[in-house]
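Working notes, beginning with the structure itself.
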Amino acid sequence: MDKEIKTIGVLTSGGDAPGMNAAIRAVVREALHNKVKVKGIKRGYRGLLNEEIFDMKSQDVAGIIQLGGTILGTARCSEFRTEEGQAKGAEICRKHGIDGIVVIGGDGSYRGAQALARHGINTIGVPGTIDLDIACTDYTIGFDTAINTAMDAIDKVKDTSSSHERCSIIEVMGRHAGYIALWCGISTGAEDILIPEKYDYDEQKIVDHIINNRRIGKKHHMIVNAEGIGHSTSMAKRIEAATGVETRATILGYMQRGGSPTCTDRYYASIMGAYAADILVQGKSNRVVAFKNGAFVDYDIEEALAMTKEISEYEYQIAWNLR
């Protein structure tokens with residue numbers, strides 16, 4: 001251990017995700033269990049630069065494990081992307097006696113944590129994103145809740161789509177990653193699943209699929225479309241014009257980020273938060289907590305950011321076979 005860790009900070013950064021509060025709770029209580037003080041940092045890196053820092057006790061995280069969002073708040077911060085902002089953040093940590101910080105967020109949040117580590121502040125990242133797009137881990141906090149929220153909404157739209165014999169396009173979140181769309185598409189029996197990693201933008205294939213299904217007596221058609229492809233409303237108009245089938249678009253949007261986290265998200269977030277606090281107290285820095293091959297582990301941030309992640313070709317093929 002390079003230095004004794006007496007006080008740690010915790011912040012949430014980037015997009016909020018169900019289960020972040022469970023992770024915050026675990027960080028605070030595990031650190032206090034190890035006789036280490038904890039300071040909460042509001043509104044992510046922006047709050048750090050604005051010195052929105054306060055002492056956290058065990059009671060401060062009572063009754064939050066079931067809450068969606070993040071009690072610490074989150075915000076984007078362009079200033080922290082600069083070398084000057086990063087150096088300022090490290091100095092503020094030292095000013096408040098913070099020896100290390102647990103950062104709960106995605107890849108962008110990890111880069112901020114990496115910068116603080118370069119400036120002498122021990123940092124540990126915890127994967128909090130509904131997109132499941134962090135390559136070093138098989139699980140990210142919030143994904144399970146988001147797909148269950150989306151699945152429930154798609155099931156409901158499917159009911160009315162069947163009643164009216166419509167084609168429905170359901171747009172789910174996932175700007176660069178299609179995991180939510182793939183999981184929800186398979187889980188709801190969607191006829192087409194459009195994801196950024198695989199979609200060839202050939203709408204005629206979708207049109208032909210709808211027409212062929214009508215010929216064999218299918219009365220509805222569900223398309224799950226990832227946000228990264230988007231344009232669901234205009235796509236619906238084009239499909240209706242080409243097929244003669246009434247087509248409606250539903251964009252689920254930010255509802256997928258909210259809501260009470262599932263048991264899975266609460267459990268994994270709790271273990272990851274506690275794990276992060278433990279290795280930070282041990283003096284580790286510039287690490288990322290992950291769940292890989294059935295175990296909780298940690299990686300160097302640079303190693304984690306260099307990893308790549310791809311949609312399973314087999315799983316995508318299964319989605320195609322089952323439609």
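Residue names in the structure tokens use chain letters A, B, ... in the order shown, residue numbers from 1 in each chain, and ligand numbers from 1 in the order shown.
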Check region 56-206 of chain A with DSSP on the backbone and list each residue it calls helix (DSSP H, G or I), as a PyMOL selection string. chain A and resi 58-61+79-81+83-95+107-118+143-163+179-188+203-206
Could you give me, as a list of chain:residue names, the residues within 12 Å of Tyr254 (chain A), counting only C-alpha atoms and dropping anything in the same chain fewer than 6 positions from it?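 The contact residues come out as A:Gly15, A:Asp16, A:Ala17, A:Pro18, A:Gly69, A:Ile130, A:Ala146, A:Thr149, A:Ala150, A:Glu171, A:Val172, A:Met173, A:Gly174, A:Glu227.
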Ile64 (chain A) environment, 10 Å, only C-alpha atoms, sequence neighbours closer than 6 positions dropped, as a ChimeraX atom specification: /A:19-22,24-25,70-71,260
Given the selection you just returned, output its residues as a file containing N, CA and C atoms, formatted as a PDB file, in the first residue's frame.
ATOM      1  N   GLY A  19     -30.041   0.651  -9.777  1.00  0.00           N
ATOM      2  CA  GLY A  19     -29.050  -0.124  -9.051  1.00  0.00           C
ATOM      3  C   GLY A  19     -27.872   0.720  -8.581  1.00  0.00           C
ATOM      4  N   MET A  20     -27.750   1.931  -9.115  1.00  0.00           N
ATOM      5  CA  MET A  20     -26.667   2.807  -8.668  1.00  0.00           C
ATOM      6  C   MET A  20     -26.768   3.089  -7.170  1.00  0.00           C
ATOM      7  N   ASN A  21     -27.993   3.244  -6.675  1.00  0.00           N
ATOM      8  CA  ASN A  21     -28.155   3.512  -5.244  1.00  0.00           C
ATOM      9  C   ASN A  21     -27.714   2.322  -4.393  1.00  0.00           C
ATOM     10  N   ALA A  22     -27.957   1.116  -4.887  1.00  0.00           N
ATOM     11  CA  ALA A  22     -27.482  -0.065  -4.175  1.00  0.00           C
ATOM     12  C   ALA A  22     -25.961  -0.060  -4.099  1.00  0.00           C
ATOM     13  N   ILE A  24     -23.990   2.665  -4.253  1.00  0.00           N
ATOM     14  CA  ILE A  24     -23.602   3.743  -3.330  1.00  0.00           C
ATOM     15  C   ILE A  24     -23.712   3.257  -1.889  1.00  0.00           C
ATOM     16  N   ARG A  25     -24.821   2.632  -1.575  1.00  0.00           N
ATOM     17  CA  ARG A  25     -25.057   2.103  -0.225  1.00  0.00           C
ATOM     18  C   ARG A  25     -23.949   1.135   0.184  1.00  0.00           C
ATOM     19  N   THR A  70     -30.144   7.874  -8.947  1.00  0.00           N
ATOM     20  CA  THR A  70     -29.014   7.971  -8.036  1.00  0.00           C
ATOM     21  C   THR A  70     -29.231   9.121  -7.064  1.00  0.00           C
ATOM     22  N   ILE A  71     -29.121   8.847  -5.783  1.00  0.00           N
ATOM     23  CA  ILE A  71     -29.339   9.896  -4.788  1.00  0.00           C
ATOM     24  C   ILE A  71     -28.251  10.963  -4.853  1.00  0.00           C
ATOM     25  N   SER A 260     -37.728   0.982  -9.942  1.00  0.00           N
ATOM     26  CA  SER A 260     -37.064   0.235  -8.890  1.00  0.00           C
ATOM     27  C   SER A 260     -36.216  -0.880  -9.489  1.00  0.00           C
TER      28      SER A 260
END
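Of the residues listed (A:Thr140, A:Gln204, A:Thr7, A:Asn50), A:Thr140 shows the shortest atom-to-atom separation from Ala23 (chain A); distances use only C-alpha atoms.
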I'd like the neighbourhood of Ser163 (chain A) as a ChimeraX atom specification, where a residue qualifies if any of its atoms comes within 12 Å (using only C-alpha atoms), though same-chain residues fewer than 6 positions away should be ignored. /A:156-157,219-221
Would you save the residues from that selection as a tab-separated table (two decimals), in the first residue's frame, using C-alpha atoms?
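Writing done, so here's out-v2.tsv:
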chain	number	residue	atom	x	y	z
A	156	LYS	CA	-48.23	-4.39	-23.85
A	157	VAL	CA	-47.73	-2.82	-27.26
A	219	LYS	CA	-51.88	-10.62	-38.28
A	220	HIS	CA	-49.23	-8.50	-36.54
A	221	HIS	CA	-45.52	-7.72	-36.89
For region 116-119 of chain A: contacts at 6 Å, only C-alpha atoms, fewer than 4 positions along chain excluded, given as a PyMOL selection string: chain A and resi 90+123+286
Next, the residues of the selection above should be written as a PDB file, in the first residue's frame with N, CA and C atoms.
ATOM      1  N   ALA A  90      -8.373  16.859  -8.760  1.00  0.00           N
ATOM      2  CA  ALA A  90      -7.456  16.177  -7.840  1.00  0.00           C
ATOM      3  C   ALA A  90      -7.102  17.069  -6.654  1.00  0.00           C
ATOM      4  N   THR A 123      -8.308   5.639  -7.567  1.00  0.00           N
ATOM      5  CA  THR A 123      -9.654   5.568  -8.134  1.00  0.00           C
ATOM      6  C   THR A 123     -10.016   4.129  -8.500  1.00  0.00           C
ATOM      7  N   ASN A 286      -6.684   2.990 -10.044  1.00  0.00           N
ATOM      8  CA  ASN A 286      -6.756   2.872 -11.496  1.00  0.00           C
ATOM      9  C   ASN A 286      -7.276   1.496 -11.912  1.00  0.00           C
TER      10      ASN A 286
END
With a distance cut-off of 7 Å and only C-alpha atoms, select the neighbouring residues of Val10 (chain A), excluding the residue or stretch itself and same-chain residues fewer than 6 positions from it, and output the selection as a ChimeraX atom specification. /A:39-41,101-103
Grab the residues selected above and save them as a CSV table (one decimal), in the first residue's frame with C-alpha atoms.
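Result file follows (again09.csv):
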chain,number,residue,atom,x,y,z
A,39,LYS,CA,-17.7,11.6,1.5
A,40,GLY,CA,-20.5,11.8,-1.1
A,41,ILE,CA,-19.9,13.9,-4.2
A,101,ILE,CA,-12.8,7.8,-5.1
A,102,VAL,CA,-15.2,5.1,-6.3
A,103,VAL,CA,-16.7,6.2,-9.6
Identify, on the basis of only C-alpha atoms, every residue whose closest approach to Leu182 (chain A) does not exceed 12 Å; exclude the query and any residue fewer than 6 positions from it along the same chain; express the result as JSON, numbers by chain. {"A": [131, 132, 147, 150, 151, 171, 172, 173, 174, 188, 189, 190, 191, 192, 193, 194, 195, 196, 197, 198, 199, 223, 224, 225, 226, 311, 312, 313, 314, 315, 316, 317, 318, 319, 320, 323]}
Save out the residues we just selected, N, CA and C atoms, as a short mmCIF file (atom, residue, chain, number, x, y, z; two decimals), in the first residue's frame.
data_model
loop_
_atom_site.label_atom_id
_atom_site.label_comp_id
_atom_site.auth_asym_id
_atom_site.auth_seq_id
_atom_site.Cartn_x
_atom_site.Cartn_y
_atom_site.Cartn_z
N ASP A 131 -26.61 -0.13 -20.87
CA ASP A 131 -26.33 -0.60 -22.23
C ASP A 131 -25.53 -1.90 -22.32
N LEU A 132 -24.96 -2.37 -21.21
CA LEU A 132 -24.16 -3.59 -21.19
C LEU A 132 -22.98 -3.50 -22.17
N ILE A 147 -33.94 -3.97 -19.32
CA ILE A 147 -34.52 -4.92 -20.27
C ILE A 147 -35.87 -5.43 -19.78
N ALA A 150 -38.34 -2.60 -20.54
CA ALA A 150 -38.62 -2.56 -21.97
C ALA A 150 -39.45 -3.77 -22.41
N MET A 151 -39.10 -4.93 -21.89
CA MET A 151 -39.85 -6.14 -22.25
C MET A 151 -41.32 -6.01 -21.88
N GLU A 171 -38.90 1.36 -30.34
CA GLU A 171 -37.52 1.83 -30.24
C GLU A 171 -37.04 1.78 -28.79
N VAL A 172 -35.97 1.04 -28.56
CA VAL A 172 -35.39 0.91 -27.22
C VAL A 172 -34.05 1.64 -27.18
N MET A 173 -33.51 1.83 -25.99
CA MET A 173 -32.25 2.55 -25.86
C MET A 173 -31.08 1.67 -26.33
N GLY A 174 -29.98 2.33 -26.60
CA GLY A 174 -28.79 1.66 -27.12
C GLY A 174 -28.25 2.43 -28.31
N THR A 188 -39.43 -11.19 -26.47
CA THR A 188 -40.83 -10.85 -26.79
C THR A 188 -41.30 -11.49 -28.09
N GLY A 189 -40.42 -12.26 -28.72
CA GLY A 189 -40.80 -12.90 -29.97
C GLY A 189 -40.94 -11.94 -31.13
N ALA A 190 -40.12 -10.90 -31.16
CA ALA A 190 -40.20 -9.91 -32.24
C ALA A 190 -39.87 -10.54 -33.59
N GLU A 191 -40.54 -10.05 -34.62
CA GLU A 191 -40.30 -10.57 -35.98
C GLU A 191 -39.01 -10.01 -36.58
N ASP A 192 -38.64 -8.79 -36.18
CA ASP A 192 -37.38 -8.20 -36.67
C ASP A 192 -36.69 -7.48 -35.52
N ILE A 193 -35.37 -7.58 -35.46
CA ILE A 193 -34.57 -6.91 -34.44
C ILE A 193 -33.48 -6.13 -35.16
N LEU A 194 -33.47 -4.82 -34.96
CA LEU A 194 -32.52 -3.95 -35.66
C LEU A 194 -31.52 -3.39 -34.66
N ILE A 195 -30.24 -3.75 -34.83
CA ILE A 195 -29.21 -3.29 -33.89
C ILE A 195 -28.05 -2.67 -34.67
N PRO A 196 -27.36 -1.68 -34.10
CA PRO A 196 -26.29 -0.97 -34.83
C PRO A 196 -25.19 -1.90 -35.34
N GLU A 197 -24.91 -2.95 -34.59
CA GLU A 197 -23.79 -3.83 -34.96
C GLU A 197 -24.08 -4.68 -36.20
N LYS A 198 -25.37 -4.88 -36.53
CA LYS A 198 -25.71 -5.84 -37.58
C LYS A 198 -26.61 -5.30 -38.70
N TYR A 199 -27.31 -4.23 -38.45
CA TYR A 199 -28.33 -3.78 -39.42
C TYR A 199 -27.67 -3.24 -40.69
N ILE A 223 -41.32 -5.03 -34.59
CA ILE A 223 -39.93 -4.70 -34.90
C ILE A 223 -39.34 -3.99 -33.68
N VAL A 224 -38.29 -4.55 -33.11
CA VAL A 224 -37.57 -3.89 -32.02
C VAL A 224 -36.37 -3.19 -32.63
N ASN A 225 -36.33 -1.89 -32.46
CA ASN A 225 -35.33 -1.04 -33.12
C ASN A 225 -34.46 -0.35 -32.08
N ALA A 226 -33.15 -0.47 -32.20
CA ALA A 226 -32.24 0.18 -31.26
C ALA A 226 -32.14 1.67 -31.55
N ILE A 311 -21.41 -8.27 -30.28
CA ILE A 311 -22.61 -9.09 -30.17
C ILE A 311 -22.26 -10.53 -30.59
N SER A 312 -22.71 -11.48 -29.81
CA SER A 312 -22.48 -12.89 -30.15
C SER A 312 -23.15 -13.23 -31.48
N GLU A 313 -22.34 -13.72 -32.42
CA GLU A 313 -22.87 -14.10 -33.73
C GLU A 313 -23.90 -15.22 -33.59
N TYR A 314 -23.64 -16.14 -32.67
CA TYR A 314 -24.57 -17.25 -32.47
C TYR A 314 -25.90 -16.75 -31.92
N GLU A 315 -25.86 -15.87 -30.92
CA GLU A 315 -27.09 -15.36 -30.33
C GLU A 315 -27.90 -14.55 -31.35
N TYR A 316 -27.19 -13.79 -32.18
CA TYR A 316 -27.89 -13.02 -33.21
C TYR A 316 -28.52 -13.95 -34.23
N GLN A 317 -27.83 -15.02 -34.58
CA GLN A 317 -28.39 -15.98 -35.53
C GLN A 317 -29.62 -16.67 -34.95
N ILE A 318 -29.57 -16.96 -33.65
CA ILE A 318 -30.73 -17.55 -33.00
C ILE A 318 -31.94 -16.59 -33.08
N ALA A 319 -31.68 -15.31 -32.85
CA ALA A 319 -32.75 -14.31 -32.96
C ALA A 319 -33.38 -14.35 -34.36
N TRP A 320 -32.54 -14.51 -35.37
CA TRP A 320 -33.02 -14.58 -36.75
C TRP A 320 -33.83 -15.86 -36.97
N ARG A 323 -37.52 -15.89 -35.26
CA ARG A 323 -38.48 -14.83 -35.54
C ARG A 323 -39.70 -15.33 -36.30
#
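Among the candidate residues A:Leu67, A:Ala113, A:Ile124, A:Ala236, the one lying nearest to Gly273 (chain A) is A:Ile124, with distances computed using only C-alpha atoms.
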Distance CA of Ala62 (chain A)-CA of Leu280 (chain A), one decimal place? 22.5 Å
Go through A:Gly47, A:Pro127, A:Gly120, A:Gly68 one by one, measure the shortest atom-to-atom distance of each to Tyr268 (chain A) using only C-alpha atoms, and give the residue with the smallest value.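 Closest residue, counting only C-alpha atoms: A:Pro127.
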By how many Å are CA of His33 (chain A) and CA of Cys136 (chain A) apart?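 CA of Cys136 (chain A) lies at a distance of 28.3 Å from CA of His33 (chain A).
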Write down as a list of chain:residue names the residues of region 173-273 of chain A whose backbone DSSP state falls under strand (DSSP E). A:Asp192, A:Ile193, A:Leu194, A:His221, A:Met222, A:Ile223, A:Val224, A:Asn225, A:Ala226, A:Thr247, A:Arg248, A:Ala249, A:Thr250, A:Ile251
Could you write out that same residue set with N, CA and C atoms as a compact mmCIF listing (two decimals), in the first residue's frame?
# COMPACT_ATOMS: atom_id res chain seq x y z
N ASP A 192 -38.64 -8.79 -36.18
CA ASP A 192 -37.38 -8.20 -36.67
C ASP A 192 -36.69 -7.48 -35.52
N ILE A 193 -35.37 -7.58 -35.46
CA ILE A 193 -34.57 -6.91 -34.44
C ILE A 193 -33.48 -6.13 -35.16
N LEU A 194 -33.47 -4.82 -34.96
CA LEU A 194 -32.52 -3.95 -35.66
C LEU A 194 -31.52 -3.39 -34.66
N HIS A 221 -46.96 -7.64 -36.65
CA HIS A 221 -45.52 -7.72 -36.89
C HIS A 221 -44.83 -6.76 -35.94
N MET A 222 -43.92 -7.28 -35.12
CA MET A 222 -43.21 -6.46 -34.14
C MET A 222 -41.76 -6.27 -34.57
N ILE A 223 -41.32 -5.03 -34.59
CA ILE A 223 -39.93 -4.70 -34.90
C ILE A 223 -39.34 -3.99 -33.68
N VAL A 224 -38.29 -4.55 -33.11
CA VAL A 224 -37.57 -3.89 -32.02
C VAL A 224 -36.37 -3.19 -32.63
N ASN A 225 -36.33 -1.89 -32.46
CA ASN A 225 -35.33 -1.04 -33.12
C ASN A 225 -34.46 -0.35 -32.08
N ALA A 226 -33.15 -0.47 -32.20
CA ALA A 226 -32.24 0.18 -31.26
C ALA A 226 -32.14 1.67 -31.55
N THR A 247 -48.96 0.92 -39.59
CA THR A 247 -47.71 0.78 -38.84
C THR A 247 -47.54 1.94 -37.88
N ARG A 248 -47.22 1.64 -36.65
CA ARG A 248 -47.05 2.66 -35.61
C ARG A 248 -45.69 2.51 -34.94
N ALA A 249 -45.12 3.64 -34.54
CA ALA A 249 -43.84 3.65 -33.83
C ALA A 249 -44.07 4.05 -32.38
N THR A 250 -43.40 3.37 -31.49
CA THR A 250 -43.42 3.70 -30.06
C THR A 250 -41.97 3.82 -29.59
N ILE A 251 -41.62 4.98 -29.07
CA ILE A 251 -40.25 5.20 -28.58
C ILE A 251 -40.29 5.16 -27.06
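One finds CA of Asn293 (chain A) at 16.3 Å from CA of Thr264 (chain A).
Among A:Lys35, A:His96, A:Lys205, A:Arg166, the residue with the shortest atom-to-atom distance to Asp55 (chain A), counting only C-alpha atoms, is A:His96.
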Name the closest residue to Gly125 (chain A) among the candidates A:Ala87, A:Ala241, A:Met307, A:Ile279; distances are taken between atoms, counting only C-alpha atoms.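 Among A:Ala87, A:Ala241, A:Met307, A:Ile279, it is A:Ile279 that comes nearest to Gly125 (chain A).
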